[in-house]
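These notes are about the structure you will find just below.
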Amino acid sequence: MDSEVLRQKLEQLTGKRTGIKQLGRQHSASLFGIGTEEQEQPVFHEGHLWVPLYENEGRITAIWLELDGLTPLEVQLVNYAARNFAIALKATGLKEEGELEARQLSGWLNAQLEQEKNDAEIPDEITLKGRLVGEMIPFLLVSENVHNPQVTYRSLMKLLRSYFENEILLIPLQEKEWLILARKELLTGGDDKDDEEESAEDLLAQTCMGLHELIASEWVGVFHLAVAPAIIPVKGLTGSVALLRETIILGRVFQVGDYIHLPWELHMERLVNSIPDDRRRQLLGQIGDYTSVLADKEMLLTLETFFEMDCNVSETAKKLYIHRNTLLYRLDKIKQETGADVRSFGDAAIVKLAMLLYKVTKRK
């Protein structure tokens, strides 16, 4: 049981307002005392019960509960339950500053997404709400490892701080899934003039690539990373997380071998994935038989690269490290086997659609 579950249970049990709050050094010292046995004990203060959860560099994170209207026995029971949880939490070694607050937001986010409330606004009782101001860039990191003990909240936060060199927020969502929030100005250094020639999407892609390289160099395993445009988290966080989750799902299906997935590059894939299974198979049959080409790994890679390079023959040949004439030979072979000349826009669009339909139906 984490701190957010405890908070909800105490609220349900008593019908009173509860919350999780990180206290500053001075407030922590005056309320609990630092470096003394008193620090580990719940405190009654101004009509509230304060239960210390953990201390980090003089700051204490605590759960508070309104006591007005509770009987002495109820207060005693609540005090006992909260105190036992604090002892259990201390035994887990959870010491990273901000982790409890992050897990509180995580619990709320997962609940909203499970109910498909993608436009929900973060409520006031979420402790981190006060830090979710201004525009922020959301990243979603997903690990394919069954279990990697090296990747902990503390170790990942340390790595992120070294990369962004400033304040970031790390929210553990599902198992092996982390939401990262960075200030928008961190991507440009606060000077938009230096980046006039680069689009916002280019900057996001470059930042995502650098972050993935750092993570992949630090830990063994496969990691997928997606990034979305800047949002105002208080109102746009749930929708953005839903988009990022969908982006990684689509990337795993349509971009096999790639580990950085960008939502603005997956519009057609999103459309194809939304078509019902039976209709997809029907469409694939109506378009024509491209199996001989799409089932050939070399030809499939050629087509994928050709479309990635905007159907530019010279750039595609460079990307594939083959001679231009070799590429032309492959394109002619595709035309002979399918009747489609992918150097023509109309045929290229049809073949692209067939390729996406083939990928998703083959997965099924």
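Scheme for the structure tokens: letters A, B, ... for chains in order shown; per-chain residue numbers from 1; ligand numbers from 1 in order shown.
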Check: If we count only C-alpha atoms, what is near Ile215 of chain A at a cut-off of 10 Å, once residues fewer than 3 positions away on the same chain are taken out, given as a PyMOL selection string?
Finding: chain A and resi 141+151+156+159-160+163+210-212+218-223+225
Kindly save the residues from that selection, with N, CA and C atoms included, as an mmCIF file, in the first residue's frame.
```cif
data_model
loop_
_atom_site.group_PDB
_atom_site.id
_atom_site.type_symbol
_atom_site.label_atom_id
_atom_site.label_comp_id
_atom_site.auth_asym_id
_atom_site.auth_seq_id
_atom_site.Cartn_x
_atom_site.Cartn_y
_atom_site.Cartn_z
ATOM 1 N N LEU A 141 8.413 7.107 -20.813
ATOM 2 C CA LEU A 141 9.462 6.101 -20.926
ATOM 3 C C LEU A 141 8.884 4.746 -20.522
ATOM 4 N N VAL A 151 16.863 0.156 -12.372
ATOM 5 C CA VAL A 151 16.018 1.301 -12.712
ATOM 6 C C VAL A 151 15.036 1.550 -11.571
ATOM 7 N N LEU A 156 16.728 6.820 -11.691
ATOM 8 C CA LEU A 156 16.232 7.486 -12.891
ATOM 9 C C LEU A 156 16.171 8.997 -12.689
ATOM 10 N N LEU A 159 19.610 10.446 -13.110
ATOM 11 C CA LEU A 159 19.999 10.495 -14.517
ATOM 12 C C LEU A 159 19.303 11.649 -15.233
ATOM 13 N N LEU A 160 18.039 11.840 -14.946
ATOM 14 C CA LEU A 160 17.282 12.911 -15.593
ATOM 15 C C LEU A 160 17.816 14.284 -15.197
ATOM 16 N N TYR A 163 20.783 15.193 -17.169
ATOM 17 C CA TYR A 163 20.511 15.495 -18.580
ATOM 18 C C TYR A 163 19.857 16.861 -18.750
ATOM 19 N N GLY A 210 18.494 12.333 -27.594
ATOM 20 C CA GLY A 210 19.592 12.445 -26.638
ATOM 21 C C GLY A 210 19.289 11.759 -25.323
ATOM 22 N N LEU A 211 18.049 11.916 -24.852
ATOM 23 C CA LEU A 211 17.648 11.292 -23.593
ATOM 24 C C LEU A 211 17.650 9.771 -23.723
ATOM 25 N N HIS A 212 17.163 9.266 -24.844
ATOM 26 C CA HIS A 212 17.137 7.811 -25.043
ATOM 27 C C HIS A 212 18.557 7.246 -25.105
ATOM 28 N N GLU A 218 23.171 3.760 -20.017
ATOM 29 C CA GLU A 218 23.270 3.578 -18.571
ATOM 30 C C GLU A 218 22.797 2.198 -18.128
ATOM 31 N N TRP A 219 21.740 1.685 -18.770
ATOM 32 C CA TRP A 219 21.146 0.429 -18.341
ATOM 33 C C TRP A 219 20.984 -0.540 -19.509
ATOM 34 N N VAL A 220 21.070 -1.816 -19.205
ATOM 35 C CA VAL A 220 20.865 -2.860 -20.209
ATOM 36 C C VAL A 220 19.367 -3.078 -20.378
ATOM 37 N N GLY A 221 18.938 -3.246 -21.620
ATOM 38 C CA GLY A 221 17.530 -3.506 -21.872
ATOM 39 C C GLY A 221 16.993 -2.660 -23.001
ATOM 40 N N VAL A 222 15.733 -2.868 -23.312
ATOM 41 C CA VAL A 222 15.054 -2.135 -24.385
ATOM 42 C C VAL A 222 14.124 -1.106 -23.760
ATOM 43 N N PHE A 223 14.283 0.140 -24.171
ATOM 44 C CA PHE A 223 13.460 1.233 -23.660
ATOM 45 C C PHE A 223 12.812 1.972 -24.830
ATOM 46 N N LEU A 225 10.673 5.451 -25.900
ATOM 47 C CA LEU A 225 10.497 6.815 -25.411
ATOM 48 C C LEU A 225 9.648 7.595 -26.403
#
```
Notebook entry, point to check: What lies within 12 Å of Leu109 of chain A using only C-alpha atoms, ignoring chain neighbours under 4 positions off, as an MDAnalysis selection string?
Noted result: chainID A and resid 4 102:105 113:123 126 171:174 179 233:242
Using the selection just defined, write its residues with N, CA, C and O atoms as a compact mmCIF listing (two decimals), in the first residue's frame.
```txt
# COMPACT_ATOMS: atom_id res chain seq x y z
N GLU A 4 -0.80 7.28 -1.14
CA GLU A 4 -2.07 7.75 -1.68
C GLU A 4 -3.20 6.81 -1.30
O GLU A 4 -4.30 7.24 -0.98
N ALA A 102 4.79 12.21 -6.06
CA ALA A 102 4.69 11.72 -7.43
C ALA A 102 3.75 10.53 -7.52
O ALA A 102 2.96 10.40 -8.45
N ARG A 103 3.83 9.63 -6.54
CA ARG A 103 2.96 8.46 -6.55
C ARG A 103 1.51 8.84 -6.25
O ARG A 103 0.58 8.15 -6.70
N GLN A 104 1.31 9.90 -5.51
CA GLN A 104 -0.06 10.39 -5.30
C GLN A 104 -0.66 10.85 -6.63
O GLN A 104 -1.80 10.50 -6.98
N LEU A 105 0.10 11.63 -7.40
CA LEU A 105 -0.37 12.08 -8.71
C LEU A 105 -0.56 10.89 -9.64
O LEU A 105 -1.51 10.85 -10.42
N LEU A 113 -7.39 7.84 -16.38
CA LEU A 113 -7.15 7.20 -17.67
C LEU A 113 -7.93 5.89 -17.79
O LEU A 113 -8.41 5.55 -18.87
N GLU A 114 -8.07 5.18 -16.68
CA GLU A 114 -8.83 3.93 -16.70
C GLU A 114 -10.29 4.21 -17.01
O GLU A 114 -10.96 3.41 -17.67
N GLN A 115 -10.79 5.37 -16.59
CA GLN A 115 -12.17 5.77 -16.85
C GLN A 115 -12.29 6.59 -18.13
O GLN A 115 -13.36 7.10 -18.45
N GLU A 116 -11.16 6.71 -18.86
CA GLU A 116 -11.10 7.46 -20.13
C GLU A 116 -11.51 8.92 -19.95
O GLU A 116 -12.11 9.53 -20.83
N LYS A 117 -11.16 9.49 -18.80
CA LYS A 117 -11.40 10.91 -18.56
C LYS A 117 -10.14 11.68 -18.97
O LYS A 117 -9.36 12.13 -18.13
N ASN A 118 -9.97 11.84 -20.28
CA ASN A 118 -8.74 12.43 -20.80
C ASN A 118 -8.70 13.95 -20.75
O ASN A 118 -7.72 14.55 -21.20
N ASP A 119 -9.76 14.56 -20.23
CA ASP A 119 -9.77 16.02 -20.11
C ASP A 119 -9.92 16.45 -18.65
O ASP A 119 -10.26 17.60 -18.37
N ALA A 120 -9.66 15.52 -17.73
CA ALA A 120 -9.83 15.83 -16.30
C ALA A 120 -8.79 16.85 -15.83
O ALA A 120 -7.63 16.81 -16.24
N GLU A 121 -9.21 17.76 -14.96
CA GLU A 121 -8.30 18.75 -14.38
C GLU A 121 -7.80 18.25 -13.03
O GLU A 121 -8.54 17.67 -12.25
N ILE A 122 -6.52 18.45 -12.78
CA ILE A 122 -5.91 17.97 -11.53
C ILE A 122 -6.54 18.70 -10.34
O ILE A 122 -6.57 19.93 -10.30
N PRO A 123 -7.05 17.96 -9.36
CA PRO A 123 -7.71 18.61 -8.21
C PRO A 123 -6.72 19.22 -7.23
O PRO A 123 -5.53 18.91 -7.24
N ILE A 126 -4.13 17.23 -4.84
CA ILE A 126 -2.89 16.65 -5.35
C ILE A 126 -1.74 17.59 -5.00
O ILE A 126 -1.70 18.73 -5.45
N ILE A 171 7.12 10.89 -12.65
CA ILE A 171 5.90 10.26 -12.14
C ILE A 171 5.88 8.79 -12.54
O ILE A 171 5.73 8.48 -13.73
N PRO A 172 6.06 7.86 -11.60
CA PRO A 172 5.95 6.43 -11.95
C PRO A 172 4.48 6.09 -12.18
O PRO A 172 3.65 6.29 -11.30
N LEU A 173 4.17 5.57 -13.36
CA LEU A 173 2.78 5.23 -13.68
C LEU A 173 2.55 3.74 -13.46
O LEU A 173 2.54 3.27 -12.35
N GLN A 174 2.39 2.98 -14.54
CA GLN A 174 2.29 1.54 -14.41
C GLN A 174 3.68 0.95 -14.19
O GLN A 174 4.68 1.67 -14.24
N LEU A 179 6.42 8.73 -16.41
CA LEU A 179 6.12 10.01 -17.04
C LEU A 179 7.15 11.03 -16.57
O LEU A 179 7.41 11.16 -15.39
N PRO A 233 0.04 21.38 -17.65
CA PRO A 233 -0.28 20.09 -17.02
C PRO A 233 -1.57 20.06 -16.22
O PRO A 233 -2.24 19.03 -16.20
N VAL A 234 -1.93 21.15 -15.57
CA VAL A 234 -3.10 21.13 -14.70
C VAL A 234 -4.35 20.69 -15.47
O VAL A 234 -5.19 19.96 -14.96
N LYS A 235 -4.44 21.10 -16.74
CA LYS A 235 -5.62 20.77 -17.54
C LYS A 235 -5.35 19.75 -18.65
O LYS A 235 -6.27 19.09 -19.11
N GLY A 236 -4.10 19.65 -19.09
CA GLY A 236 -3.83 18.82 -20.26
C GLY A 236 -3.05 17.55 -20.02
O GLY A 236 -2.69 16.86 -20.97
N LEU A 237 -2.78 17.21 -18.75
CA LEU A 237 -1.88 16.09 -18.48
C LEU A 237 -2.50 14.74 -18.83
O LEU A 237 -1.84 13.88 -19.44
N THR A 238 -3.75 14.51 -18.48
CA THR A 238 -4.36 13.21 -18.74
C THR A 238 -4.43 12.93 -20.24
O THR A 238 -4.11 11.83 -20.70
N GLY A 239 -4.85 13.92 -21.02
CA GLY A 239 -4.94 13.74 -22.46
C GLY A 239 -3.59 13.48 -23.08
O GLY A 239 -3.45 12.67 -24.01
N SER A 240 -2.56 14.15 -22.58
CA SER A 240 -1.21 13.98 -23.12
C SER A 240 -0.67 12.60 -22.81
O SER A 240 -0.03 11.96 -23.66
N VAL A 241 -0.90 12.10 -21.58
CA VAL A 241 -0.44 10.76 -21.23
C VAL A 241 -1.15 9.71 -22.09
O VAL A 241 -0.53 8.75 -22.56
N ALA A 242 -2.44 9.90 -22.33
CA ALA A 242 -3.18 8.98 -23.20
C ALA A 242 -2.59 8.96 -24.60
O ALA A 242 -2.44 7.90 -25.22
```
Margin query: Among segment 165-345 of chain A, which ones does DSSP assign to alpha helix (DSSP H) (computed from the backbone)? Answer as a PyMOL selection string.
Written below: chain A and resi 200-218+233-254+267-274+277-287+291-294+297-308+313-320+324-338+345
Item checked: Who sits within 9 Å of Glu11 of chain A, only C-alpha atoms, same chain under 6 positions skipped, as a VMD selection string -> chain A and resid 17 to 18 65
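Nearest residue to Ser344 of chain A among A:Asp310, A:Phe44, A:Leu67, A:Met136 is A:Asp310, counting only C-alpha atoms.
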Do you know which residues are at most 9 Å from segment 332-339 of chain A counting only C-alpha atoms, after dropping those on the same chain fewer than 3 positions away, and could you put them as a PDB file with all heavy atoms, in the first residue's frame?
```
ATOM      1  N   GLY A 288      -5.229  -4.925 -53.263  1.00  0.00           N
ATOM      2  CA  GLY A 288      -4.444  -5.768 -54.155  1.00  0.00           C
ATOM      3  C   GLY A 288      -3.498  -6.658 -53.373  1.00  0.00           C
ATOM      4  O   GLY A 288      -3.320  -6.494 -52.167  1.00  0.00           O
ATOM      5  N   ASP A 289      -2.874  -7.588 -54.058  1.00  0.00           N
ATOM      6  CA  ASP A 289      -1.988  -8.540 -53.418  1.00  0.00           C
ATOM      7  C   ASP A 289      -0.548  -8.019 -53.430  1.00  0.00           C
ATOM      8  O   ASP A 289       0.127  -8.045 -54.453  1.00  0.00           O
ATOM      9  CB  ASP A 289      -2.064  -9.897 -54.124  1.00  0.00           C
ATOM     10  CG  ASP A 289      -1.268 -10.964 -53.378  1.00  0.00           C
ATOM     11  OD1 ASP A 289      -0.777 -10.658 -52.271  1.00  0.00           O
ATOM     12  OD2 ASP A 289      -1.116 -12.075 -53.903  1.00  0.00           O
ATOM     13  N   TYR A 290      -0.099  -7.539 -52.263  1.00  0.00           N
ATOM     14  CA  TYR A 290       1.261  -7.021 -52.127  1.00  0.00           C
ATOM     15  C   TYR A 290       2.098  -7.935 -51.232  1.00  0.00           C
ATOM     16  O   TYR A 290       3.176  -7.561 -50.787  1.00  0.00           O
ATOM     17  CB  TYR A 290       1.235  -5.616 -51.523  1.00  0.00           C
ATOM     18  CG  TYR A 290       0.618  -4.572 -52.426  1.00  0.00           C
ATOM     19  CD1 TYR A 290      -0.758  -4.342 -52.432  1.00  0.00           C
ATOM     20  CD2 TYR A 290       1.417  -3.821 -53.282  1.00  0.00           C
ATOM     21  CE1 TYR A 290      -1.325  -3.393 -53.261  1.00  0.00           C
ATOM     22  CE2 TYR A 290       0.864  -2.862 -54.118  1.00  0.00           C
ATOM     23  CZ  TYR A 290      -0.522  -2.659 -54.105  1.00  0.00           C
ATOM     24  OH  TYR A 290      -1.057  -1.723 -54.936  1.00  0.00           O
ATOM     25  N   SER A 292       3.899 -10.601 -51.702  1.00  0.00           N
ATOM     26  CA  SER A 292       5.244 -11.008 -52.146  1.00  0.00           C
ATOM     27  C   SER A 292       6.289  -9.940 -51.831  1.00  0.00           C
ATOM     28  O   SER A 292       7.444 -10.249 -51.529  1.00  0.00           O
ATOM     29  CB  SER A 292       5.239 -11.293 -53.652  1.00  0.00           C
ATOM     30  OG  SER A 292       4.864 -10.134 -54.382  1.00  0.00           O
ATOM     31  N   VAL A 293       5.878  -8.684 -51.897  1.00  0.00           N
ATOM     32  CA  VAL A 293       6.795  -7.580 -51.604  1.00  0.00           C
ATOM     33  C   VAL A 293       6.886  -7.327 -50.106  1.00  0.00           C
ATOM     34  O   VAL A 293       7.977  -7.204 -49.540  1.00  0.00           O
ATOM     35  CB  VAL A 293       6.344  -6.295 -52.330  1.00  0.00           C
ATOM     36  CG1 VAL A 293       7.165  -5.093 -51.852  1.00  0.00           C
ATOM     37  CG2 VAL A 293       6.467  -6.469 -53.834  1.00  0.00           C
ATOM     38  N   MET A 299      12.760  -5.865 -49.235  1.00  0.00           N
ATOM     39  CA  MET A 299      11.842  -4.982 -49.958  1.00  0.00           C
ATOM     40  C   MET A 299      11.048  -4.109 -48.988  1.00  0.00           C
ATOM     41  O   MET A 299      10.802  -2.931 -49.245  1.00  0.00           O
ATOM     42  CB  MET A 299      10.892  -5.815 -50.826  1.00  0.00           C
ATOM     43  CG  MET A 299      11.551  -6.420 -52.048  1.00  0.00           C
ATOM     44  SD  MET A 299      12.219  -5.122 -53.143  1.00  0.00           S
ATOM     45  CE  MET A 299      12.700  -6.130 -54.559  1.00  0.00           C
ATOM     46  N   LEU A 327      18.857   0.770 -55.932  1.00  0.00           N
ATOM     47  CA  LEU A 327      17.543   1.176 -55.446  1.00  0.00           C
ATOM     48  C   LEU A 327      16.532   1.218 -56.594  1.00  0.00           C
ATOM     49  O   LEU A 327      15.400   0.743 -56.466  1.00  0.00           O
ATOM     50  CB  LEU A 327      17.626   2.537 -54.761  1.00  0.00           C
ATOM     51  CG  LEU A 327      16.283   3.135 -54.309  1.00  0.00           C
ATOM     52  CD1 LEU A 327      15.605   2.218 -53.295  1.00  0.00           C
ATOM     53  CD2 LEU A 327      16.489   4.523 -53.710  1.00  0.00           C
ATOM     54  N   LEU A 328      16.953   1.781 -57.724  1.00  0.00           N
ATOM     55  CA  LEU A 328      16.051   1.849 -58.881  1.00  0.00           C
ATOM     56  C   LEU A 328      15.643   0.454 -59.346  1.00  0.00           C
ATOM     57  O   LEU A 328      14.490   0.228 -59.754  1.00  0.00           O
ATOM     58  CB  LEU A 328      16.725   2.623 -60.015  1.00  0.00           C
ATOM     59  CG  LEU A 328      16.938   4.128 -59.763  1.00  0.00           C
ATOM     60  CD1 LEU A 328      17.741   4.755 -60.893  1.00  0.00           C
ATOM     61  CD2 LEU A 328      15.599   4.843 -59.592  1.00  0.00           C
ATOM     62  N   TYR A 329      16.568  -0.480 -59.289  1.00  0.00           N
ATOM     63  CA  TYR A 329      16.264  -1.866 -59.653  1.00  0.00           C
ATOM     64  C   TYR A 329      15.188  -2.438 -58.727  1.00  0.00           C
ATOM     65  O   TYR A 329      14.247  -3.106 -59.180  1.00  0.00           O
ATOM     66  CB  TYR A 329      17.537  -2.720 -59.576  1.00  0.00           C
ATOM     67  CG  TYR A 329      17.279  -4.197 -59.683  1.00  0.00           C
ATOM     68  CD1 TYR A 329      17.015  -4.791 -60.919  1.00  0.00           C
ATOM     69  CD2 TYR A 329      17.272  -5.006 -58.537  1.00  0.00           C
ATOM     70  CE1 TYR A 329      16.759  -6.157 -61.020  1.00  0.00           C
ATOM     71  CE2 TYR A 329      17.015  -6.366 -58.621  1.00  0.00           C
ATOM     72  CZ  TYR A 329      16.760  -6.935 -59.862  1.00  0.00           C
ATOM     73  OH  TYR A 329      16.501  -8.282 -59.950  1.00  0.00           O
ATOM     74  N   VAL A 342       5.971   3.273 -57.056  1.00  0.00           N
ATOM     75  CA  VAL A 342       5.952   4.100 -55.851  1.00  0.00           C
ATOM     76  C   VAL A 342       6.604   5.465 -56.046  1.00  0.00           C
ATOM     77  O   VAL A 342       6.589   6.299 -55.144  1.00  0.00           O
ATOM     78  CB  VAL A 342       6.641   3.371 -54.669  1.00  0.00           C
ATOM     79  CG1 VAL A 342       5.824   2.181 -54.212  1.00  0.00           C
ATOM     80  CG2 VAL A 342       8.057   2.955 -55.025  1.00  0.00           C
ATOM     81  N   ASP A 347       0.309   5.953 -56.503  1.00  0.00           N
ATOM     82  CA  ASP A 347       0.706   4.580 -56.200  1.00  0.00           C
ATOM     83  C   ASP A 347       1.427   4.492 -54.863  1.00  0.00           C
ATOM     84  O   ASP A 347       1.248   3.525 -54.108  1.00  0.00           O
ATOM     85  CB  ASP A 347       1.610   4.042 -57.318  1.00  0.00           C
ATOM     86  CG  ASP A 347       0.829   3.703 -58.585  1.00  0.00           C
ATOM     87  OD1 ASP A 347      -0.413   3.806 -58.551  1.00  0.00           O
ATOM     88  OD2 ASP A 347       1.461   3.343 -59.590  1.00  0.00           O
TER      89      ASP A 347
END
```
Margin query: Which residue is closest to Pro42 of chain A? Choose from A:Ala230, A:Ala82, A:Leu283, A:Ala205 and count only C-alpha atoms.
Written below: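 Counting only C-alpha atoms, the residue closest to Pro42 of chain A is A:Ala82.
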Margin query: DSSP on the backbone: which residues in segment 23-232 of chain A end up as strand (DSSP E or B)? Give the answer as a ChimeraX atom specification.
Written below: /A:23,43-45,48-56,59-66,136-143,168-172,177-183,223-227,231
Residues of segment 88-170 of chain A that approach segment 243-246 of chain A to 9 Å or less, counting only C-alpha atoms: could you list each one with the shortest pair of atoms and its distance in Å to one decimal, rows by chain and increasing residue number, as a tab-separated table?
```
residue	atom	partner	partner_atom	distance
A:Pro138	CA	A:Leu244	CA	8.5
A:Phe139	CA	A:Leu244	CA	7.6
A:Leu140	CA	A:Leu244	CA	6.3
```
Notebook entry, point to check: If you count only C-alpha atoms, which residues fall within 12 Å of Val43 of chain A, apart from same-chain ones fewer than 2 positions away, as an NGL selection string?
Noted result: :A and (28 or 30-33 or 38-41 or 45-52 or 62-65 or 67 or 75 or 79 or 82-83)
Save the residues we just selected, N, CA, C and O atoms, as an mmCIF file, in the first residue's frame?
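Okay, selection-v9.cif is ready:
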```
data_model
loop_
_atom_site.group_PDB
_atom_site.id
_atom_site.type_symbol
_atom_site.label_atom_id
_atom_site.label_comp_id
_atom_site.auth_asym_id
_atom_site.auth_seq_id
_atom_site.Cartn_x
_atom_site.Cartn_y
_atom_site.Cartn_z
ATOM 1 N N SER A 28 9.096 21.763 9.494
ATOM 2 C CA SER A 28 9.338 20.389 9.943
ATOM 3 C C SER A 28 9.931 20.371 11.341
ATOM 4 O O SER A 28 9.526 19.587 12.212
ATOM 5 N N SER A 30 9.779 22.709 13.674
ATOM 6 C CA SER A 30 8.878 23.205 14.711
ATOM 7 C C SER A 30 7.747 22.225 15.005
ATOM 8 O O SER A 30 7.277 22.116 16.145
ATOM 9 N N LEU A 31 7.324 21.463 13.979
ATOM 10 C CA LEU A 31 6.196 20.572 14.164
ATOM 11 C C LEU A 31 6.622 19.214 14.733
ATOM 12 O O LEU A 31 6.009 18.685 15.663
ATOM 13 N N PHE A 32 7.694 18.657 14.178
ATOM 14 C CA PHE A 32 8.103 17.307 14.571
ATOM 15 C C PHE A 32 9.407 17.253 15.355
ATOM 16 O O PHE A 32 9.633 16.341 16.137
ATOM 17 N N GLY A 33 10.289 18.217 15.081
ATOM 18 C CA GLY A 33 11.635 18.110 15.631
ATOM 19 C C GLY A 33 12.478 17.284 14.674
ATOM 20 O O GLY A 33 12.016 16.305 14.102
ATOM 21 N N GLU A 38 11.090 12.331 18.628
ATOM 22 C CA GLU A 38 9.798 12.964 18.392
ATOM 23 C C GLU A 38 9.470 12.989 16.901
ATOM 24 O O GLU A 38 8.309 12.980 16.506
ATOM 25 N N GLN A 39 10.514 13.044 16.078
ATOM 26 C CA GLN A 39 10.311 13.130 14.638
ATOM 27 C C GLN A 39 9.488 11.945 14.122
ATOM 28 O O GLN A 39 8.752 12.064 13.156
ATOM 29 N N GLU A 40 9.609 10.775 14.745
ATOM 30 C CA GLU A 40 8.951 9.578 14.267
ATOM 31 C C GLU A 40 7.516 9.454 14.778
ATOM 32 O O GLU A 40 6.820 8.513 14.422
ATOM 33 N N GLN A 41 7.066 10.378 15.611
ATOM 34 C CA GLN A 41 5.752 10.262 16.221
ATOM 35 C C GLN A 41 4.733 11.176 15.537
ATOM 36 O O GLN A 41 5.047 12.299 15.139
ATOM 37 N N HIS A 45 -1.959 18.951 15.911
ATOM 38 C CA HIS A 45 -1.653 20.376 15.811
ATOM 39 C C HIS A 45 -2.801 21.101 15.130
ATOM 40 O O HIS A 45 -3.170 20.798 13.997
ATOM 41 N N GLU A 46 -3.399 22.060 15.858
ATOM 42 C CA GLU A 46 -4.449 22.920 15.333
ATOM 43 C C GLU A 46 -5.567 22.140 14.656
ATOM 44 O O GLU A 46 -5.984 22.420 13.528
ATOM 45 N N GLY A 47 -6.057 21.106 15.343
ATOM 46 C CA GLY A 47 -7.199 20.350 14.846
ATOM 47 C C GLY A 47 -6.875 19.332 13.773
ATOM 48 O O GLY A 47 -7.787 18.804 13.123
ATOM 49 N N HIS A 48 -5.589 19.048 13.564
ATOM 50 C CA HIS A 48 -5.187 18.069 12.555
ATOM 51 C C HIS A 48 -4.229 17.052 13.177
ATOM 52 O O HIS A 48 -3.483 17.375 14.099
ATOM 53 N N LEU A 49 -4.274 15.838 12.633
ATOM 54 C CA LEU A 49 -3.281 14.834 12.965
ATOM 55 C C LEU A 49 -2.248 14.816 11.841
ATOM 56 O O LEU A 49 -2.589 14.655 10.671
ATOM 57 N N TRP A 50 -0.979 14.987 12.195
ATOM 58 C CA TRP A 50 0.106 14.967 11.221
ATOM 59 C C TRP A 50 0.947 13.715 11.459
ATOM 60 O O TRP A 50 1.439 13.496 12.560
ATOM 61 N N VAL A 51 1.080 12.895 10.415
ATOM 62 C CA VAL A 51 1.849 11.658 10.533
ATOM 63 C C VAL A 51 3.072 11.759 9.626
ATOM 64 O O VAL A 51 2.949 11.797 8.402
ATOM 65 N N PRO A 52 4.288 11.822 10.194
ATOM 66 C CA PRO A 52 5.495 11.916 9.364
ATOM 67 C C PRO A 52 5.749 10.603 8.621
ATOM 68 O O PRO A 52 5.681 9.527 9.216
ATOM 69 N N ALA A 62 4.530 14.441 5.115
ATOM 70 C CA ALA A 62 3.591 13.915 6.106
ATOM 71 C C ALA A 62 2.185 13.826 5.531
ATOM 72 O O ALA A 62 1.826 14.542 4.594
ATOM 73 N N ILE A 63 1.395 12.935 6.108
ATOM 74 C CA ILE A 63 -0.038 12.871 5.829
ATOM 75 C C ILE A 63 -0.763 13.629 6.939
ATOM 76 O O ILE A 63 -0.432 13.475 8.118
ATOM 77 N N TRP A 64 -1.726 14.489 6.542
ATOM 78 C CA TRP A 64 -2.501 15.193 7.552
ATOM 79 C C TRP A 64 -3.975 14.791 7.455
ATOM 80 O O TRP A 64 -4.465 14.410 6.390
ATOM 81 N N LEU A 65 -4.685 14.871 8.586
ATOM 82 C CA LEU A 65 -6.091 14.476 8.652
ATOM 83 C C LEU A 65 -6.833 15.431 9.579
ATOM 84 O O LEU A 65 -6.372 15.719 10.683
ATOM 85 N N LEU A 67 -9.435 16.442 12.307
ATOM 86 C CA LEU A 67 -9.925 15.692 13.463
ATOM 87 C C LEU A 67 -11.280 16.185 13.978
ATOM 88 O O LEU A 67 -11.898 15.514 14.808
ATOM 89 N N VAL A 75 -10.041 8.805 16.824
ATOM 90 C CA VAL A 75 -8.735 9.448 16.702
ATOM 91 C C VAL A 75 -7.623 8.457 17.032
ATOM 92 O O VAL A 75 -6.600 8.390 16.340
ATOM 93 N N ASN A 79 -4.833 7.208 14.409
ATOM 94 C CA ASN A 79 -3.441 7.408 14.794
ATOM 95 C C ASN A 79 -2.664 6.088 14.700
ATOM 96 O O ASN A 79 -1.551 6.041 14.169
ATOM 97 N N ALA A 82 -2.241 4.991 10.885
ATOM 98 C CA ALA A 82 -1.282 5.831 10.179
ATOM 99 C C ALA A 82 0.141 5.596 10.670
ATOM 100 O O ALA A 82 1.094 5.564 9.884
ATOM 101 N N ARG A 83 0.274 5.418 11.983
ATOM 102 C CA ARG A 83 1.609 5.193 12.550
ATOM 103 C C ARG A 83 2.211 3.878 12.039
ATOM 104 O O ARG A 83 3.382 3.806 11.680
#
```
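Distances to Glu66 of chain A were evaluated for A:Asn110, A:Thr302, A:Thr14, A:Gln26 using only C-alpha atoms, and the minimum falls at A:Thr14.
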Item checked: Surrounding residues of Arg161 of chain A excluding itself and chain neighbours under 6 positions, 12 Å, only C-alpha atoms, as a list of chain:residue names ->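 Returned residues: A:Arg154, A:Ser155, A:Glu167, A:Ile168, A:Leu169, A:Leu170, A:Ile180, A:Leu181, A:Ala182, A:Leu186, A:Leu211, A:Leu214.
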